Amino acid sequence: MDILKKWGVFWEKFGPGGAWERVIGEGLLNTLVIAFLGLLIGIVIGTLIATVKVMPKYKALPRILDKICSVYVGFFRGTPIVVQLLLAYYVLFPLCGINIGSLNTCILVFGLNSGAYVSEIMRGGILSVDGGQMEAGRAVGLSYTTTMLKIVVPQAIKNILPTLGNELIALVKDTSVVSFVAAVDLYKTFNEIGNRTYEYIIPYLCMALIYIVLVALISLGIKLMERSLRKSDRGN
Amino acid sequence: MIEAINLTKRYGNLTVLDEISETIHEGERIVIIGPSGSGKSTFLRCLNCMEDPTSGSIMFEGADLTDLKVDINLHRQHMGMVFQQFNLFNNKTVLQNITLAPLHIGLKGVRDRAKRAQIKADIEANAHRLLQRIGLDDWADKYPSTLSGGQKQRVAIVRALAMNPKVILFDEPTSALDPEMVGEVLDLIKQLAEDGMTMVIVTHEMGFAREVASRVFFMDGGKIMEQGTPDEVFGAPQCPRLKEFLSKVL
Ligand SMILES: Nc1ncnc2c1ncn2[C@@H]1O[C@H](COP(=O)(O)OP(=O)(O)OP(=O)(O)O)[C@@H](O)[C@H]1O
Ligand SMILES: [Mg+2]
């Protein structure tokens with residue numbers, strides 16, 4: 001019966017006129033915004049890095065770019081995201097006199113971080129595309145970059161869609177640390193309810209439930225997208 | 001039109017092309033024959049620098065394609081290439097396969113909306129005309145994966161044609177096809193020959209070679225060992241390697 005009482009306490013703070021608006025409108029929204037925009041930025045950065053990685057290396061420029069990309073990927077994969085957030089928010093940006101707010105900082109750092117992971121995924125995707133596609137593009141006079149972006153990368157993305165979905169899921173889960181830099185996410189809003197009632201069981205259970213539902217919905221979305229892509233493969 | 005000068009290609013210390021010097025003139029239909037591994041594909045792919053020669057040069061329309069300062073993409077627009085494995089763009093429809101490069105090139109730097117629309121309409125009309133020519137206009141909006149091998153290769157040929165190339169390079173265009181589809185592709189190539197298209201064709205189809213070629217190259221060991229009209233090469237072969245080769249394939 002204890003649990004019912006706890007639920008009552010929680011619902012009083014959360015329910016009608018309570019914190020739910022903040023939980024949904026700020027917490028959940030920010031979690032999604034950071035994850036989705038982060039992935040989007042990550043795909044752009046990851047594609048660029050992957051393009052550099054698979055470029056023929058007999059000229060100097062691709063080799064230099066390749067080194068830079070390796071350092072970049074090494075840093076973002078080699079340090080925890082919390083450390084990256086803290087460095088950006090409390091060290092780098094203040095030193096440079098930049099103030100874009102904590103939410104934007106999170107979006108940016110998650111994007112940069114995800115770019116490092118997506119680059120590896122994307123590289124695999126690009127290598128999985130038949131080399132004849134690049135050849136055919138070059139043979140009709142398109143540049144390496146144009147062929148890459150118009151022909152190879154779209155096919156690569158299709159091949160790696162499930163893996164990108166997993167990256168999105170990872171991002172959604174990782175956003176739970178953004179309160180380290182004063183951003184308001186799902187964790188933060190439920191934590192606030194707990195702080196006000198001195199009762200954490202129900203808020204944290206609800207929080208876990210929302211994360212589980214989110215991840216399930218994303219997985220479902222990926223499955224549907226894969227299916228429709230497979231259909232377009234078979235004909236049109 | 002295309003001149004190879006001392007063209008040499010090595011992979012490590014394997015010499016695949018050995019100091020080849022040869023000129024291909026406008027309107028010629030060169031067919032390259034020779035045993036597997038003799039360097040036919042490599043020679044063809046060096047002509048448009050898909051493969052970078054180790055030394056020597058390729059002159060095309062007065063420019064040295066091996067010169068790194070030359071815009072190779074610009075010259076490739078005038079040299080069509082048709083591959084054994086077709087290599088149609090899988091993520092594009094049949095029509096888009098044909099219009100992609102012409103649109104990319106034609107629309108570059110054109111800002112005016114009306115002009116862009118006009119260019120696009122012209123290029124698409126031309127693509128439809130080409131598709132009608134090969135009887136595949138009904139397939140314009142389908143994806144390559146739905147076509148048969150013969151259809152794919154004919155679309156690939158038409159994709160090359162859409163650039164109004166000065167020459168088309170074919171690397172074994174029928175080798176990946178089921179036997180019943182070889183004819184339709186060879187017929188299309190013969191039509192182009194009749195239209196006066198300059199072509200360089202690597203093939204194992206000796207009957208076709210004899211019929212379509214204006215000049216035949218026999219390659220062996222990275223050299224053009226013998227060349228001449230089809231009647232000379234097939235009717236009165238001189239070098240022993242060619243005689244041996246012909247006795248095996250004919
Ligand atoms: N990228 C490469 N790296 C190393 N060796 C290569 C490469 N490409 C071709 N070769 C070698 O060069 C030689 C000539 O190859 P090429 O493809 O030009 O022969 P081909 O006459 O077209 O033969 P086929 O009739 O089998 O197509 C072969 O011995 C091949 O193994
Ligand atoms: Mg070959």
# chains A, B, ... in the order shown; residues from 1 in each chain; ligands from 1
$ closest_atom_pairs --of "chain B" --to "ligand 1" --cutoff "10 Å" --atoms "only C-alpha atoms and all ligand atoms" --output "JSON lines"
{"residue": "B:Lys9", "atom": "CA", "partner": "ligand 1", "partner_atom_place_in_ligand_line": "12 (O)", "distance": 8.7}
{"residue": "B:Arg10", "atom": "CA", "partner": "ligand 1", "partner_atom_place_in_ligand_line": "12 (O)", "distance": 8.0}
{"residue": "B:Tyr11", "atom": "CA", "partner": "ligand 1", "partner_atom_place_in_ligand_line": "4 (C)", "distance": 5.0}
{"residue": "B:Gly12", "atom": "CA", "partner": "ligand 1", "partner_atom_place_in_ligand_line": "4 (C)", "distance": 7.5}
{"residue": "B:Asn13", "atom": "CA", "partner": "ligand 1", "partner_atom_place_in_ligand_line": "4 (C)", "distance": 9.7}
{"residue": "B:Leu14", "atom": "CA", "partner": "ligand 1", "partner_atom_place_in_ligand_line": "5 (N)", "distance": 7.3}
{"residue": "B:Thr15", "atom": "CA", "partner": "ligand 1", "partner_atom_place_in_ligand_line": "12 (O)", "distance": 7.7}
{"residue": "B:Val16", "atom": "CA", "partner": "ligand 1", "partner_atom_place_in_ligand_line": "12 (O)", "distance": 5.0}
{"residue": "B:Leu17", "atom": "CA", "partner": "ligand 1", "partner_atom_place_in_ligand_line": "14 (C)", "distance": 7.9}
{"residue": "B:Ile32", "atom": "CA", "partner": "ligand 1", "partner_atom_place_in_ligand_line": "21 (O)", "distance": 9.1}
{"residue": "B:Ile33", "atom": "CA", "partner": "ligand 1", "partner_atom_place_in_ligand_line": "21 (O)", "distance": 8.1}
{"residue": "B:Gly34", "atom": "CA", "partner": "ligand 1", "partner_atom_place_in_ligand_line": "21 (O)", "distance": 6.5}
{"residue": "B:Pro35", "atom": "CA", "partner": "ligand 1", "partner_atom_place_in_ligand_line": "25 (O)", "distance": 5.9}
{"residue": "B:Ser36", "atom": "CA", "partner": "ligand 1", "partner_atom_place_in_ligand_line": "25 (O)", "distance": 3.5}
{"residue": "B:Gly37", "atom": "CA", "partner": "ligand 1", "partner_atom_place_in_ligand_line": "19 (O)", "distance": 3.5}
{"residue": "B:Ser38", "atom": "CA", "partner": "ligand 1", "partner_atom_place_in_ligand_line": "21 (O)", "distance": 4.0}
{"residue": "B:Gly39", "atom": "CA", "partner": "ligand 1", "partner_atom_place_in_ligand_line": "18 (O)", "distance": 3.2}
{"residue": "B:Lys40", "atom": "CA", "partner": "ligand 1", "partner_atom_place_in_ligand_line": "21 (O)", "distance": 3.7}
{"residue": "B:Ser41", "atom": "CA", "partner": "ligand 1", "partner_atom_place_in_ligand_line": "22 (O)", "distance": 3.6}
{"residue": "B:Thr42", "atom": "CA", "partner": "ligand 1", "partner_atom_place_in_ligand_line": "18 (O)", "distance": 3.7}
{"residue": "B:Phe43", "atom": "CA", "partner": "ligand 1", "partner_atom_place_in_ligand_line": "18 (O)", "distance": 6.4}
{"residue": "B:Leu44", "atom": "CA", "partner": "ligand 1", "partner_atom_place_in_ligand_line": "18 (O)", "distance": 8.0}
{"residue": "B:Arg45", "atom": "CA", "partner": "ligand 1", "partner_atom_place_in_ligand_line": "18 (O)", "distance": 8.3}
{"residue": "B:Cys46", "atom": "CA", "partner": "ligand 1", "partner_atom_place_in_ligand_line": "18 (O)", "distance": 9.7}
{"residue": "B:Glu51", "atom": "CA", "partner": "ligand 1", "partner_atom_place_in_ligand_line": "1 (N)", "distance": 8.7}
{"residue": "B:Gln84", "atom": "CA", "partner": "ligand 1", "partner_atom_place_in_ligand_line": "27 (O)", "distance": 9.3}
{"residue": "B:Asp171", "atom": "CA", "partner": "ligand 1", "partner_atom_place_in_ligand_line": "22 (O)", "distance": 7.9}
{"residue": "B:Glu172", "atom": "CA", "partner": "ligand 1", "partner_atom_place_in_ligand_line": "27 (O)", "distance": 7.6}
{"residue": "B:Ser175", "atom": "CA", "partner": "ligand 1", "partner_atom_place_in_ligand_line": "27 (O)", "distance": 9.5}
{"residue": "B:Val202", "atom": "CA", "partner": "ligand 1", "partner_atom_place_in_ligand_line": "22 (O)", "distance": 7.9}
{"residue": "B:Thr203", "atom": "CA", "partner": "ligand 1", "partner_atom_place_in_ligand_line": "25 (O)", "distance": 8.2}
{"residue": "B:His204", "atom": "CA", "partner": "ligand 1", "partner_atom_place_in_ligand_line": "25 (O)", "distance": 7.9}
{"residue": "B:Met219", "atom": "CA", "partner": "ligand 1", "partner_atom_place_in_ligand_line": "21 (O)", "distance": 7.6}
{"residue": "B:Asp220", "atom": "CA", "partner": "ligand 1", "partner_atom_place_in_ligand_line": "21 (O)", "distance": 8.0}
{"residue": "B:Gly221", "atom": "CA", "partner": "ligand 1", "partner_atom_place_in_ligand_line": "14 (C)", "distance": 8.4}
{"residue": "B:Gly222", "atom": "CA", "partner": "ligand 1", "partner_atom_place_in_ligand_line": "14 (C)", "distance": 7.5}
$ write_last_selection --atoms "N, CA, C and O atoms" --output "short mmCIF file (atom, residue, chain, number, x, y, z; two decimals), in the first residue's frame"
data_model
loop_
_atom_site.label_atom_id
_atom_site.label_comp_id
_atom_site.auth_asym_id
_atom_site.auth_seq_id
_atom_site.Cartn_x
_atom_site.Cartn_y
_atom_site.Cartn_z
N LYS B 9 52.09 0.78 -68.12
CA LYS B 9 51.41 0.64 -66.83
C LYS B 9 52.02 -0.53 -66.09
O LYS B 9 52.14 -1.63 -66.63
N ARG B 10 52.44 -0.25 -64.86
CA ARG B 10 52.98 -1.32 -64.04
C ARG B 10 52.19 -1.41 -62.74
O ARG B 10 51.76 -0.40 -62.20
N TYR B 11 51.98 -2.63 -62.28
CA TYR B 11 51.49 -2.84 -60.91
C TYR B 11 52.65 -3.46 -60.16
O TYR B 11 52.99 -4.62 -60.41
N GLY B 12 53.26 -2.70 -59.27
CA GLY B 12 54.47 -3.20 -58.61
C GLY B 12 55.52 -3.43 -59.68
O GLY B 12 55.80 -2.54 -60.47
N ASN B 13 56.05 -4.66 -59.79
CA ASN B 13 56.99 -4.89 -60.89
C ASN B 13 56.39 -5.74 -62.00
O ASN B 13 57.10 -6.26 -62.84
N LEU B 14 55.04 -5.83 -61.98
CA LEU B 14 54.36 -6.50 -63.09
C LEU B 14 54.04 -5.45 -64.16
O LEU B 14 53.30 -4.50 -63.91
N THR B 15 54.65 -5.60 -65.34
CA THR B 15 54.38 -4.65 -66.43
C THR B 15 53.17 -5.13 -67.22
O THR B 15 53.21 -6.19 -67.85
N VAL B 16 52.10 -4.37 -67.15
CA VAL B 16 50.85 -4.78 -67.79
C VAL B 16 50.73 -4.16 -69.18
O VAL B 16 50.20 -4.77 -70.10
N LEU B 17 51.21 -2.92 -69.32
CA LEU B 17 51.27 -2.28 -70.64
C LEU B 17 52.71 -1.87 -70.87
O LEU B 17 53.33 -1.24 -70.01
N ILE B 32 39.64 -4.69 -79.74
CA ILE B 32 40.84 -5.24 -79.12
C ILE B 32 40.56 -6.68 -78.70
O ILE B 32 39.59 -6.94 -77.98
N ILE B 33 41.37 -7.59 -79.20
CA ILE B 33 41.25 -9.00 -78.79
C ILE B 33 42.56 -9.44 -78.16
O ILE B 33 43.57 -8.75 -78.26
N GLY B 34 42.51 -10.58 -77.52
CA GLY B 34 43.74 -11.09 -76.91
C GLY B 34 43.41 -11.97 -75.72
O GLY B 34 42.29 -11.92 -75.21
N PRO B 35 44.38 -12.77 -75.30
CA PRO B 35 44.12 -13.68 -74.18
C PRO B 35 43.88 -12.93 -72.87
O PRO B 35 44.22 -11.75 -72.75
N SER B 36 43.30 -13.63 -71.92
CA SER B 36 43.03 -13.05 -70.61
C SER B 36 44.32 -12.61 -69.94
O SER B 36 45.33 -13.31 -70.01
N GLY B 37 44.30 -11.44 -69.35
CA GLY B 37 45.48 -10.94 -68.65
C GLY B 37 46.48 -10.25 -69.56
O GLY B 37 47.56 -9.86 -69.12
N SER B 38 46.13 -10.08 -70.83
CA SER B 38 47.09 -9.48 -71.77
C SER B 38 47.13 -7.96 -71.67
O SER B 38 47.99 -7.32 -72.27
N GLY B 39 46.21 -7.38 -70.90
CA GLY B 39 46.25 -5.93 -70.69
C GLY B 39 45.20 -5.15 -71.47
O GLY B 39 45.25 -3.93 -71.52
N LYS B 40 44.21 -5.86 -72.04
CA LYS B 40 43.18 -5.18 -72.85
C LYS B 40 42.41 -4.16 -72.04
O LYS B 40 42.27 -2.99 -72.42
N SER B 41 41.88 -4.61 -70.89
CA SER B 41 41.09 -3.70 -70.05
C SER B 41 41.95 -2.54 -69.57
O SER B 41 41.52 -1.39 -69.57
N THR B 42 43.16 -2.87 -69.17
CA THR B 42 44.05 -1.83 -68.65
C THR B 42 44.32 -0.78 -69.72
O THR B 42 44.27 0.42 -69.46
N PHE B 43 44.56 -1.23 -70.95
CA PHE B 43 44.78 -0.29 -72.06
C PHE B 43 43.56 0.62 -72.24
O PHE B 43 43.68 1.84 -72.29
N LEU B 44 42.40 0.00 -72.28
CA LEU B 44 41.16 0.76 -72.47
C LEU B 44 40.98 1.78 -71.35
O LEU B 44 40.63 2.93 -71.57
N ARG B 45 41.22 1.33 -70.12
CA ARG B 45 40.99 2.20 -68.96
C ARG B 45 42.04 3.29 -68.84
O ARG B 45 41.81 4.30 -68.16
N CYS B 46 43.18 3.09 -69.48
CA CYS B 46 44.17 4.16 -69.49
C CYS B 46 43.76 5.26 -70.47
O CYS B 46 44.13 6.42 -70.30
N GLU B 51 42.52 4.47 -65.18
CA GLU B 51 43.73 3.90 -64.61
C GLU B 51 44.83 4.89 -64.96
O GLU B 51 44.93 5.31 -66.11
N GLN B 84 31.63 -3.99 -68.34
CA GLN B 84 31.15 -5.37 -68.36
C GLN B 84 29.97 -5.56 -67.40
O GLN B 84 28.99 -6.20 -67.72
N ASP B 171 34.26 -2.13 -72.51
CA ASP B 171 35.07 -3.22 -71.96
C ASP B 171 34.21 -4.47 -71.81
O ASP B 171 33.43 -4.58 -70.87
N GLU B 172 34.36 -5.37 -72.75
CA GLU B 172 33.59 -6.62 -72.75
C GLU B 172 32.12 -6.39 -72.43
O GLU B 172 31.61 -6.90 -71.43
N SER B 175 30.03 -9.72 -71.89
CA SER B 175 30.55 -10.89 -71.18
C SER B 175 29.73 -11.30 -69.96
O SER B 175 29.76 -12.45 -69.55
N VAL B 202 36.69 -3.80 -76.38
CA VAL B 202 37.35 -5.04 -75.98
C VAL B 202 36.28 -6.12 -75.99
O VAL B 202 35.21 -5.94 -75.39
N THR B 203 36.52 -7.20 -76.68
CA THR B 203 35.49 -8.24 -76.74
C THR B 203 36.08 -9.61 -76.98
O THR B 203 37.20 -9.74 -77.50
N HIS B 204 35.33 -10.62 -76.57
CA HIS B 204 35.69 -12.00 -76.88
C HIS B 204 34.78 -12.55 -77.97
O HIS B 204 34.88 -13.72 -78.33
N MET B 219 46.30 -8.02 -78.64
CA MET B 219 47.22 -7.71 -77.53
C MET B 219 47.71 -8.98 -76.88
O MET B 219 46.95 -9.94 -76.70
N ASP B 220 48.97 -8.96 -76.51
CA ASP B 220 49.52 -10.08 -75.75
C ASP B 220 50.71 -9.56 -74.97
O ASP B 220 51.53 -8.81 -75.51
N GLY B 221 50.79 -9.92 -73.71
CA GLY B 221 51.92 -9.52 -72.88
C GLY B 221 52.13 -8.02 -72.81
O GLY B 221 53.26 -7.55 -72.76
N GLY B 222 51.03 -7.26 -72.82
CA GLY B 222 51.14 -5.82 -72.62
C GLY B 222 51.57 -5.06 -73.87
O GLY B 222 51.89 -3.88 -73.80
#
$ closest_atom_pairs --of "chain B" --to "chain A" --cutoff "8 Å" --atoms "only C-alpha atoms" --output "tab-separated table"
residue	atom	partner	partner_atom	distance
B:Asn48	CA	A:Ala139	CA	7.8
B:Met50	CA	A:Ala139	CA	7.3
B:Ile72	CA	A:Gly141	CA	7.6
B:Asn73	CA	A:Gly141	CA	4.3
B:Leu74	CA	A:Gly141	CA	6.1
B:His75	CA	A:Gly141	CA	7.3
B:Arg76	CA	A:Gly141	CA	4.8
B:Gln77	CA	A:Gly141	CA	4.7
B:Met79	CA	A:Val140	CA	7.7
B:Gly80	CA	A:Val140	CA	6.5
B:Met81	CA	A:Ala139	CA	6.1
B:Gln85	CA	A:Gly132	CA	7.7
B:Asn87	CA	A:Gly132	CA	5.4
B:Leu88	CA	A:Gln133	CA	7.1
B:Phe89	CA	A:Gln133	CA	6.1
B:Asn90	CA	A:Gln155	CA	7.7
B:Asn91	CA	A:Gln155	CA	6.4
B:Ala101	CA	A:Val140	CA	6.4
B:Asp141	CA	A:Asn236	CA	7.9
B:Lys142	CA	A:Asn236	CA	5.8
B:Tyr143	CA	A:Gly235	CA	6.4
B:Ser145	CA	A:Asp233	CA	6.9
B:Thr146	CA	A:Gly235	CA	5.7
B:Ala160	CA	A:Val140	CA	7.0
B:Met163	CA	A:Val140	CA	7.7
$ residues_around --residues "Asp2 (chain A)" --least-positions-apart "5" --cutoff "12 Å" --atoms "only C-alpha atoms" --output "list in words"
Trp7, Gly8, Val9, Glu199, Ile201 and Ile202 of chain A
$ write_last_selection --atoms "C-alpha atoms" --output "mmCIF file, in the first residue's frame"
data_model
loop_
_atom_site.group_PDB
_atom_site.id
_atom_site.type_symbol
_atom_site.label_atom_id
_atom_site.label_comp_id
_atom_site.auth_asym_id
_atom_site.auth_seq_id
_atom_site.Cartn_x
_atom_site.Cartn_y
_atom_site.Cartn_z
ATOM 1 C CA TRP A 7 2.092 7.377 -6.382
ATOM 2 C CA GLY A 8 -0.325 9.838 -4.782
ATOM 3 C CA VAL A 9 2.519 12.094 -3.725
ATOM 4 C CA GLU A 199 10.482 10.534 -3.005
ATOM 5 C CA ILE A 201 11.068 5.704 -6.640
ATOM 6 C CA ILE A 202 8.072 6.642 -8.757
#
$ atom_distance --atom1 "CA of Leu65 (chain A)" --atom2 "CA of Ile43 (chain A)"
18.0 Å
$ select_by_dssp --residues "region 21-181 of chain A" --states "alpha helix (DSSP H)" --output "count of residues only"
120
$ closest_residue --among "A:Met207, A:Gly194, A:Ser176, A:Leu217" --to "Lys6 (chain A)" --atoms "only C-alpha atoms"
A:Gly194
$ residues_around --residues "Tyr117 (chain A)" --least-positions-apart "5" --cutoff "10 Å" --atoms "only C-alpha atoms" --output "PDB file with C-alpha atoms, in the first residue's frame"
ATOM      1  CA  GLY A  42      26.775  13.568 -36.829  1.00  0.00           C
ATOM      2  CA  ILE A  43      25.685  12.226 -40.217  1.00  0.00           C
ATOM      3  CA  ILE A  45      30.326  15.262 -40.157  1.00  0.00           C
ATOM      4  CA  GLY A  46      30.553  11.467 -40.310  1.00  0.00           C
ATOM      5  CA  VAL A  73      37.789  10.544 -34.153  1.00  0.00           C
ATOM      6  CA  PHE A  76      35.693  11.952 -29.458  1.00  0.00           C
ATOM      7  CA  ARG A  77      35.762   8.174 -29.171  1.00  0.00           C
ATOM      8  CA  LEU A 112      30.537  16.361 -32.896  1.00  0.00           C
ATOM      9  CA  MET A 122      29.556   5.386 -42.814  1.00  0.00           C
ATOM     10  CA  LEU A 164      22.345   4.500 -37.749  1.00  0.00           C
ATOM     11  CA  GLU A 167      23.354   5.211 -33.037  1.00  0.00           C
TER      12      GLU A 167
END
$ select_by_dssp --residues "region 168-207 of chain B" --states "strand (DSSP E or B)" --output "ChimeraX atom specification"
/B:168-171,198-202
$ residues_around --residues "Ile34 (chain A)" --least-positions-apart "6" --cutoff "8 Å" --atoms "only C-alpha atoms" --output "list of chain:residue names"
A:Leu103, A:Cys106, A:Ile107, A:Phe110, A:Val172, A:Thr175
$ residues_around --residues "region 80-97 of chain A" --least-positions-apart "3" --cutoff "12 Å" --atoms "only C-alpha atoms" --output "PyMOL selection string"
chain A and resi 74-77+100-114+116+170-171+173-183
$ closest_residue --among "B:Gln96, B:Gln153, B:Thr174, B:Asn126" --to "ligand 2" --atoms "only C-alpha atoms and all ligand atoms"
B:Thr174
$ closest_residue --among "B:Leu192, B:Leu131, B:Ile201, B:Ala114" --to "Phe218 (chain B)" --atoms "only C-alpha atoms"
B:Ile201
$ closest_residue --among "B:Gly228, B:Gly183, B:Pro173, B:Gly196" --to "ligand 2" --atoms "only C-alpha atoms and all ligand atoms"
B:Pro173
